[in-house]
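File shown: my_file_29.txt. Contents: compact mmCIF, C-alpha atoms.
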# COMPACT_ATOMS: atom_id res chain seq x y z
CA MET U 90 11.10 61.02 51.77
CA PRO U 91 7.83 59.81 50.21
CA GLU U 92 7.71 60.67 46.53
CA GLU U 93 4.22 62.14 46.84
CA GLN U 94 5.76 64.95 48.92
CA LEU U 95 8.17 65.90 46.14
CA HIS U 96 7.26 68.36 43.42
CA PRO U 97 8.87 68.49 39.96
CA LEU U 98 10.57 71.85 39.44
CA ASN U 99 13.01 73.24 36.92
CA TYR U 100 15.64 75.91 37.20
CA ARG U 101 17.91 78.07 35.10
CA VAL U 102 21.12 79.80 36.19
CA LEU U 103 21.62 83.32 34.85
CA ARG U 104 25.16 84.10 33.77
CA TYR U 105 26.88 87.43 33.23
CA THR U 106 29.14 87.18 30.18
CA PRO U 107 31.25 90.33 29.80
CA ASN U 108 33.64 88.74 27.27
CA LEU U 109 31.93 86.66 24.60
CA VAL U 110 35.18 86.11 22.70
CA ARG U 111 36.84 84.41 25.66
CA ASP U 112 33.58 82.77 26.78
CA GLU U 113 34.08 84.02 30.33
CA TRP U 114 31.06 84.18 32.59
CA LEU U 115 29.91 84.38 36.20
CA ASN U 116 26.75 83.00 37.75
CA ILE U 117 24.75 85.96 39.05
CA GLY U 118 21.26 84.58 39.58
CA VAL U 119 18.96 81.60 39.59
CA LEU U 120 15.32 81.22 38.48
CA LEU U 121 13.14 78.42 39.84
CA HIS U 122 9.87 77.42 38.17
CA ASP U 123 7.05 75.16 39.36
CA PRO U 124 5.03 74.27 36.23
CA ALA U 125 2.14 72.80 38.23
CA SER U 126 1.44 75.92 40.29
CA ARG U 127 2.86 78.34 37.69
CA ARG U 128 5.12 79.81 40.33
CA LEU U 129 8.33 81.48 39.17
CA GLU U 130 10.83 83.13 41.50
CA ALA U 131 14.32 84.53 41.02
CA ARG U 132 17.21 85.39 43.28
CA PHE U 133 20.21 87.47 42.28
CA ALA U 134 23.58 88.53 43.60
CA GLU U 135 22.88 91.77 45.46
CA GLU U 136 25.07 91.89 48.56
CA PRO U 137 28.19 94.11 48.41
CA ALA U 138 30.47 91.08 48.84
CA GLU U 139 28.73 89.30 45.97
CA LEU U 140 29.05 92.26 43.61
CA ALA U 141 32.62 92.88 44.77
CA ARG U 142 33.51 89.43 43.44
CA VAL U 143 32.24 90.47 40.01
CA ARG U 144 34.28 93.68 40.22
CA ARG U 145 37.44 91.76 41.12
CA LEU U 146 37.09 89.43 38.16
CA HIS U 147 35.72 92.02 35.71
CA PRO U 148 36.61 95.60 36.72
CA ALA U 149 34.75 97.00 33.69
CA ALA U 150 31.51 95.12 34.43
CA ASP U 151 28.24 97.00 33.91
CA PHE U 152 27.21 97.48 37.55
CA ASP U 153 24.20 99.61 36.69
CA LEU U 154 22.86 96.59 34.80
CA LEU U 155 23.67 94.16 37.62
CA GLN U 156 22.08 96.32 40.31
CA ALA U 157 18.92 96.83 38.24
CA LEU U 158 18.40 93.13 37.48
CA PRO U 159 16.61 92.09 40.70
CA ARG U 160 13.95 94.78 40.39
CA ASP U 161 13.57 94.33 36.61
CA PHE U 162 13.03 90.59 36.92
CA GLU U 163 10.71 91.01 39.91
CA THR U 164 8.53 93.38 37.87
CA GLN U 165 8.50 91.17 34.77
CA ILE U 166 7.77 87.99 36.73
CA ALA U 167 4.81 89.71 38.38
CA GLN U 168 3.53 90.74 34.96
CA HIS U 169 3.70 87.15 33.67
CA ARG U 170 2.22 85.25 36.61
CA ASP U 171 -0.41 83.67 34.35
CA ASP U 172 2.11 82.10 31.98
CA PRO U 173 5.67 82.05 33.37
CA ALA U 174 6.69 79.27 30.95
CA ALA U 175 6.04 81.56 27.99
CA TYR U 176 7.96 84.34 29.73
CA LEU U 177 10.97 82.07 30.20
CA ALA U 178 10.83 81.06 26.55
CA LYS U 179 10.74 84.72 25.55
CA LEU U 180 13.76 85.45 27.72
CA ASP U 181 15.78 82.90 25.77
CA GLU U 182 15.14 84.98 22.66
CA THR U 183 15.53 88.47 24.09
CA LEU U 184 18.38 88.36 26.64
CA SER U 185 21.31 90.56 25.70
CA ASN U 186 24.71 89.13 24.89
CA LEU U 187 25.83 90.07 28.40
CA LEU U 188 23.24 87.78 29.98
CA GLN U 189 22.84 84.10 29.19
CA PHE U 190 20.83 81.23 30.68
CA SER U 191 22.28 77.86 31.51
CA PRO U 192 20.36 74.88 30.08
CA ARG U 193 17.14 74.13 31.92
CA ARG U 194 17.50 71.43 34.56
CA ALA U 195 14.80 69.48 36.36
CA LEU U 196 14.69 68.38 39.99
CA LEU U 197 12.35 67.11 42.69
CA ALA U 198 11.91 69.13 45.87
CA GLU U 199 9.65 69.25 48.89
CA ASP U 200 9.77 73.00 49.57
CA PHE U 201 10.02 75.62 46.81
CA ASP U 202 11.59 78.40 48.94
CA ALA U 203 14.12 76.11 50.59
CA GLU U 204 15.12 74.78 47.17
CA LEU U 205 15.58 78.30 45.80
CA ASP U 206 17.91 79.07 48.72
CA ARG U 207 19.83 75.84 48.15
CA LEU U 208 20.28 76.54 44.44
CA TYR U 209 21.45 80.05 45.14
CA ARG U 210 24.05 78.82 47.63
CA ALA U 211 25.20 76.13 45.22
CA TYR U 212 25.46 78.19 42.04
CA VAL U 213 25.68 81.90 42.86
CA GLU U 214 26.85 82.64 46.39
CA PRO U 215 30.59 83.39 46.37
CA PRO U 216 32.79 80.63 47.79
CA ARG U 217 33.73 81.44 51.34
CA PRO U 218 37.39 81.43 52.37
CA THR U 219 38.36 78.96 55.04
CA ARG U 220 37.39 80.33 58.47
CA ALA U 221 35.81 79.28 61.75
CA ALA U 222 32.36 77.74 61.35
CA VAL U 223 30.86 80.06 63.94
CA GLU U 224 31.92 83.07 61.89
CA VAL U 225 30.20 81.67 58.80
CA GLU U 226 27.03 80.96 60.77
CA ASN U 227 26.99 84.52 62.07
CA SER U 228 27.20 86.18 58.66
CA ARG U 229 24.29 88.31 57.48
CA THR U 230 23.61 85.88 54.65
CA ALA U 231 23.40 82.96 57.08
CA ILE U 232 21.12 84.91 59.41
CA ARG U 233 18.79 85.76 56.53
CA ALA U 234 18.69 82.10 55.40
CA ARG U 235 17.83 80.93 58.91
CA ALA U 236 15.16 83.62 59.18
CA ARG U 237 13.56 82.41 55.94
CA GLU U 238 13.38 78.91 57.39
CA VAL U 239 11.77 80.21 60.61
CA PHE U 240 9.20 82.14 58.56
CA ARG U 241 8.54 79.10 56.38
CA ARG U 242 7.86 76.92 59.43
CA ALA U 243 5.59 79.62 60.86
CA GLY U 244 3.61 79.66 57.60
CA ILE U 245 4.22 83.32 56.81
CA LEU U 246 7.09 83.25 54.31
CA ASN U 247 4.80 83.57 51.28
CA SER U 248 3.03 86.53 52.94
CA LEU U 249 6.27 88.50 53.18
CA ALA U 250 7.76 90.65 50.44
CA LYS U 251 11.43 89.85 49.86
CA GLY U 252 14.29 92.07 48.78
CA VAL U 253 12.36 95.32 49.17
CA PRO U 254 14.11 98.28 47.47
CA VAL U 255 14.40 101.40 49.62
CA GLU U 256 15.24 104.05 47.03
CA GLU U 257 11.64 105.28 46.91
CA PHE U 258 12.12 106.35 50.53
CA THR U 259 15.77 107.46 50.43
CA GLU U 260 17.39 108.59 47.18
CA PRO U 261 17.22 107.34 43.57
CA GLY U 262 19.99 104.86 43.01
CA ASP U 263 20.17 103.65 46.60
CA PRO U 264 21.04 99.95 46.07
CA MET U 265 19.93 98.74 49.50
CA ARG U 266 17.12 96.23 49.77
CA LEU U 267 15.48 95.24 53.03
CA ASP U 268 15.22 91.50 53.47
CA PHE U 269 11.49 91.25 54.25
CA ALA U 270 8.39 93.44 54.52
CA TYR U 271 4.77 92.93 55.54
CA GLN U 272 1.54 94.80 56.07
CA ARG U 273 -0.90 94.30 58.90
CA ASN U 274 -3.85 96.37 60.06
CA GLY U 275 -2.84 99.16 57.68
CA THR U 276 0.71 99.33 59.06
CA ARG U 277 3.78 98.44 57.02
CA GLY U 278 6.63 96.58 58.63
CA PHE U 279 10.21 95.93 57.57
CA LEU U 280 12.68 93.24 58.66
CA HIS U 281 16.39 93.12 57.99
CA SER U 282 19.14 90.69 58.98
CA LEU U 283 22.00 92.21 60.93
CA ALA U 284 25.19 90.59 62.24
CA LEU U 285 25.88 92.26 65.59
CA THR U 286 29.46 91.13 65.92
CA ARG U 287 30.69 91.40 62.34
CA ASP U 288 29.66 94.65 60.71
CA PRO U 289 28.27 97.44 62.90
CA ALA U 290 28.43 99.78 59.89
CA GLN U 291 25.36 97.96 58.56
CA ALA U 292 23.49 99.11 61.66
CA LYS U 293 24.21 102.72 60.66
CA VAL U 294 22.81 102.05 57.20
CA LEU U 295 19.70 100.43 58.67
CA ALA U 296 19.17 103.28 61.14
CA TYR U 297 19.44 105.86 58.37
CA THR U 298 17.05 103.87 56.19
CA ALA U 299 14.50 103.48 58.99
CA GLU U 300 14.60 107.22 59.63
CA ARG U 301 13.96 108.02 55.97
CA ILE U 302 11.16 105.47 55.64
CA ARG U 303 9.47 106.73 58.79
CA ALA U 304 9.58 110.29 57.44
CA LYS U 305 7.45 109.16 54.48
CA LEU U 306 5.23 106.48 55.98
CA GLY U 307 4.52 107.85 59.42
CA GLU U 308 4.64 104.92 61.84
CA PRO U 309 6.00 101.80 60.17
CA GLU U 310 7.41 98.91 62.19
CA PHE U 311 11.06 97.86 62.05
CA ALA U 312 12.94 94.87 63.36
CA ALA U 313 16.55 93.76 62.98
CA ILE U 314 17.07 89.99 63.03
CA THR U 315 20.34 89.27 64.84
CA GLU U 316 22.41 86.17 65.49
CA VAL U 317 22.44 86.67 69.28
CA GLU U 318 21.02 88.84 72.02
CA PRO U 319 23.08 92.00 72.60
CA GLN U 320 25.53 91.15 75.36
CA PRO U 321 25.93 93.61 78.28
CA GLY U 322 29.48 94.84 78.44
CA ASN U 323 30.11 94.22 74.74
CA ALA U 324 30.82 97.72 73.46
CA ARG U 325 29.96 96.85 69.84
CA HIS U 326 26.66 95.22 70.79
CA GLU U 327 25.72 98.13 73.02
CA PHE U 328 26.56 100.64 70.28
CA VAL U 329 24.32 98.86 67.77
CA ALA U 330 21.49 98.47 70.30
CA ARG U 331 21.56 102.19 71.18
CA LEU U 332 21.75 103.26 67.55
CA LEU U 333 18.76 101.18 66.51
CA ALA U 334 16.74 102.02 69.61
CA GLU U 335 16.95 105.70 68.63
CA GLN U 336 15.09 104.78 65.41
CA ALA U 337 12.66 102.40 67.16
CA VAL U 338 14.15 99.34 65.43
CA ALA U 339 13.47 96.28 67.56
CA LEU U 340 16.23 93.69 67.92
CA VAL U 341 14.93 90.14 67.46
CA PRO U 342 17.62 87.44 67.89
CA LEU U 343 17.17 84.18 66.03
CA ALA U 344 16.47 82.38 69.30
CA ARG U 345 13.28 84.43 69.73
CA LEU U 346 12.33 84.77 66.07
CA GLY U 347 9.99 81.78 66.07
CA ASP U 348 7.78 83.26 68.79
CA TRP U 349 7.93 86.65 67.08
CA ALA U 350 6.87 85.10 63.75
CA ASN U 351 3.95 83.26 65.35
CA ARG U 352 2.65 86.51 66.84
CA LEU U 353 3.00 88.24 63.49
CA ARG U 354 1.10 85.44 61.73
CA ALA U 355 -2.03 86.14 63.78
CA SER U 356 -2.28 89.69 62.46
CA LEU U 357 -1.11 89.37 58.86
CA ARG U 358 -3.75 89.84 56.19
Can the structure from this file be put into structure tokens for me?
Amino acid sequence: MPEEQLHPLNYRVLRYTPNLVRDEWLNIGVLLHDPASRRLEARFAEEPAELARVRRLHPAADFDLLQALPRDFETQIAQHRDDPAAYLAKLDETLSNLLQFSPRRALLAEDFDAELDRLYRAYVEPPRPTRAAVEVENSRTAIRARAREVFRRAGILNSLAKGVPVEEFTEPGDPMRLDFAYQRNGTRGFLHSLALTRDPAQAKVLAYTAERIRAKLGEPEFAAITEVEPQPGNARHEFVARLLAEQAVALVPLARLGDWANRLRASLR
């Protein structure tokens, strides 16, 4: 890859340290900084399986703190867009004993968002047990990662909000975050990754969330990004499709997501 296409970035891994005496810690997030553009983004462990790993290793972990971190950092990063380097320096001085940064490391990368995903997979995402490759590819996390790449190629990834909290529409304390959101022509839209074959219970959560959001926003748009088209005769697929259709949640399989993203691009502001 030509060096002129690579950008110097630096990153820090955020560690949760519930036992300072034993120096035990878990990686729970990663922050990526582009000094040239002053862009700073963070990604944290939020999925139930990711937090369950913390609970297994540290049953007394402060889960209120862990669940609040993504929103707290998102707010603070937005407030320090003009000087993220100073914000990072301040964090070194103000983080609690429970939270610690790894040393800053530099790297060269072509794409900021793709590099953030790679770092998250390398340092934070829980190790997967041995299983069939197709099962791994069809996980919600894998679907979301592939969707990000589709949106990046379509040129709309930076126009989408990521990890959108839903508690303002549902109930205080609701930990769910929708993967992506957008606004076009005065209408808000929400996108969420959904594994048809692995966890139909997530479809119930999405349907409930869509119903509550629609009650407050009127006519928002919803789409569930799935690994495959619903298959006729597959009882689980048909159940999910019916459930989401009742809440006007469109099903967009990854095979059609590129065309869908290109149509969305034309109307995004």
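Reported to one decimal place, the separation of atom CA of Ala178 of chain U from atom CA of Arg266 of chain U is 28.4 Å.
Neighbouring residues of Arg229 of chain U at 10 Å or closer, counting all atoms listed in the file and skipping chain neighbours under 3 positions away, are U:Glu136, U:Val225, U:Glu226, U:Ile232, U:Arg233, U:Ala234, U:Arg235, U:His281, U:Ser282, U:Leu283, U:Ala284, U:Leu285, U:Arg287, U:Asp288, U:Gln291, U:Ile314, U:Thr315, U:Glu316.
Residues in contact with segment 212-215 of chain U at 9 Å, where all atoms listed in the file are counted and same-chain residues fewer than 5 positions away are skipped, are listed as Val102, Leu115, Asn116, Ile117, Gly118, Val119, Phe133, Ala134, Ala138, Glu139, Arg142 and Arg207 of chain U.
Proximity of U:Glu130, U:Glu327, U:Glu257, U:Asp348 to Gln165 of chain U, computed with all atoms listed in the file, is greatest for U:Glu130.
Here atom CA of Glu300 of chain U is placed at a distance of 28.4 Å from atom CA of Glu238 of chain U.
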Could you pull the residues within 7 Å of segment 334-347 of chain U, counting all atoms listed in the file, minus those fewer than 3 positions along the same chain, as an NGL selection string? :U and (239 or 296 or 299-300 or 311-318 or 330-331 or 350-351)
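Distance check against Leu332 of chain U using all atoms listed in the file: of U:Gly307, U:Lys293, U:Leu197, U:Arg354, the minimum falls on U:Lys293.
Between atom CA of Arg273 of chain U and atom CA of Lys251 of chain U the interatomic distance comes to 15.9 Å.
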Would you kindly identify which residues have an atom no farther than 10 Å from (9.1, 96.1, 58.3), using all atoms listed in the file and the file's own coordinates, and write them out as a PDB file with C-alpha atoms, keeping the file's coordinate frame?
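Contents of selection.pdb, as written:
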ATOM      1  CA  LEU U 249       6.270  88.500  53.180  1.00  0.00           C
ATOM      2  CA  ALA U 250       7.760  90.650  50.440  1.00  0.00           C
ATOM      3  CA  VAL U 253      12.360  95.320  49.170  1.00  0.00           C
ATOM      4  CA  LEU U 267      15.480  95.240  53.030  1.00  0.00           C
ATOM      5  CA  ASP U 268      15.220  91.500  53.470  1.00  0.00           C
ATOM      6  CA  PHE U 269      11.490  91.250  54.250  1.00  0.00           C
ATOM      7  CA  ALA U 270       8.390  93.440  54.520  1.00  0.00           C
ATOM      8  CA  TYR U 271       4.770  92.930  55.540  1.00  0.00           C
ATOM      9  CA  GLN U 272       1.540  94.800  56.070  1.00  0.00           C
ATOM     10  CA  THR U 276       0.710  99.330  59.060  1.00  0.00           C
ATOM     11  CA  ARG U 277       3.780  98.440  57.020  1.00  0.00           C
ATOM     12  CA  GLY U 278       6.630  96.580  58.630  1.00  0.00           C
ATOM     13  CA  PHE U 279      10.210  95.930  57.570  1.00  0.00           C
ATOM     14  CA  LEU U 280      12.680  93.240  58.660  1.00  0.00           C
ATOM     15  CA  HIS U 281      16.390  93.120  57.990  1.00  0.00           C
ATOM     16  CA  ALA U 299      14.500 103.480  58.990  1.00  0.00           C
ATOM     17  CA  ILE U 302      11.160 105.470  55.640  1.00  0.00           C
ATOM     18  CA  PRO U 309       6.000 101.800  60.170  1.00  0.00           C
ATOM     19  CA  GLU U 310       7.410  98.910  62.190  1.00  0.00           C
ATOM     20  CA  PHE U 311      11.060  97.860  62.050  1.00  0.00           C
ATOM     21  CA  ALA U 312      12.940  94.870  63.360  1.00  0.00           C
ATOM     22  CA  ALA U 313      16.550  93.760  62.980  1.00  0.00           C
ATOM     23  CA  VAL U 338      14.150  99.340  65.430  1.00  0.00           C
TER      24      VAL U 338
END
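Shortest separation to Gln94 of chain U among U:Glu256, U:Asp263, U:Glu163, U:Glu199 occurs at residue U:Glu199, atoms counted being all atoms listed in the file.
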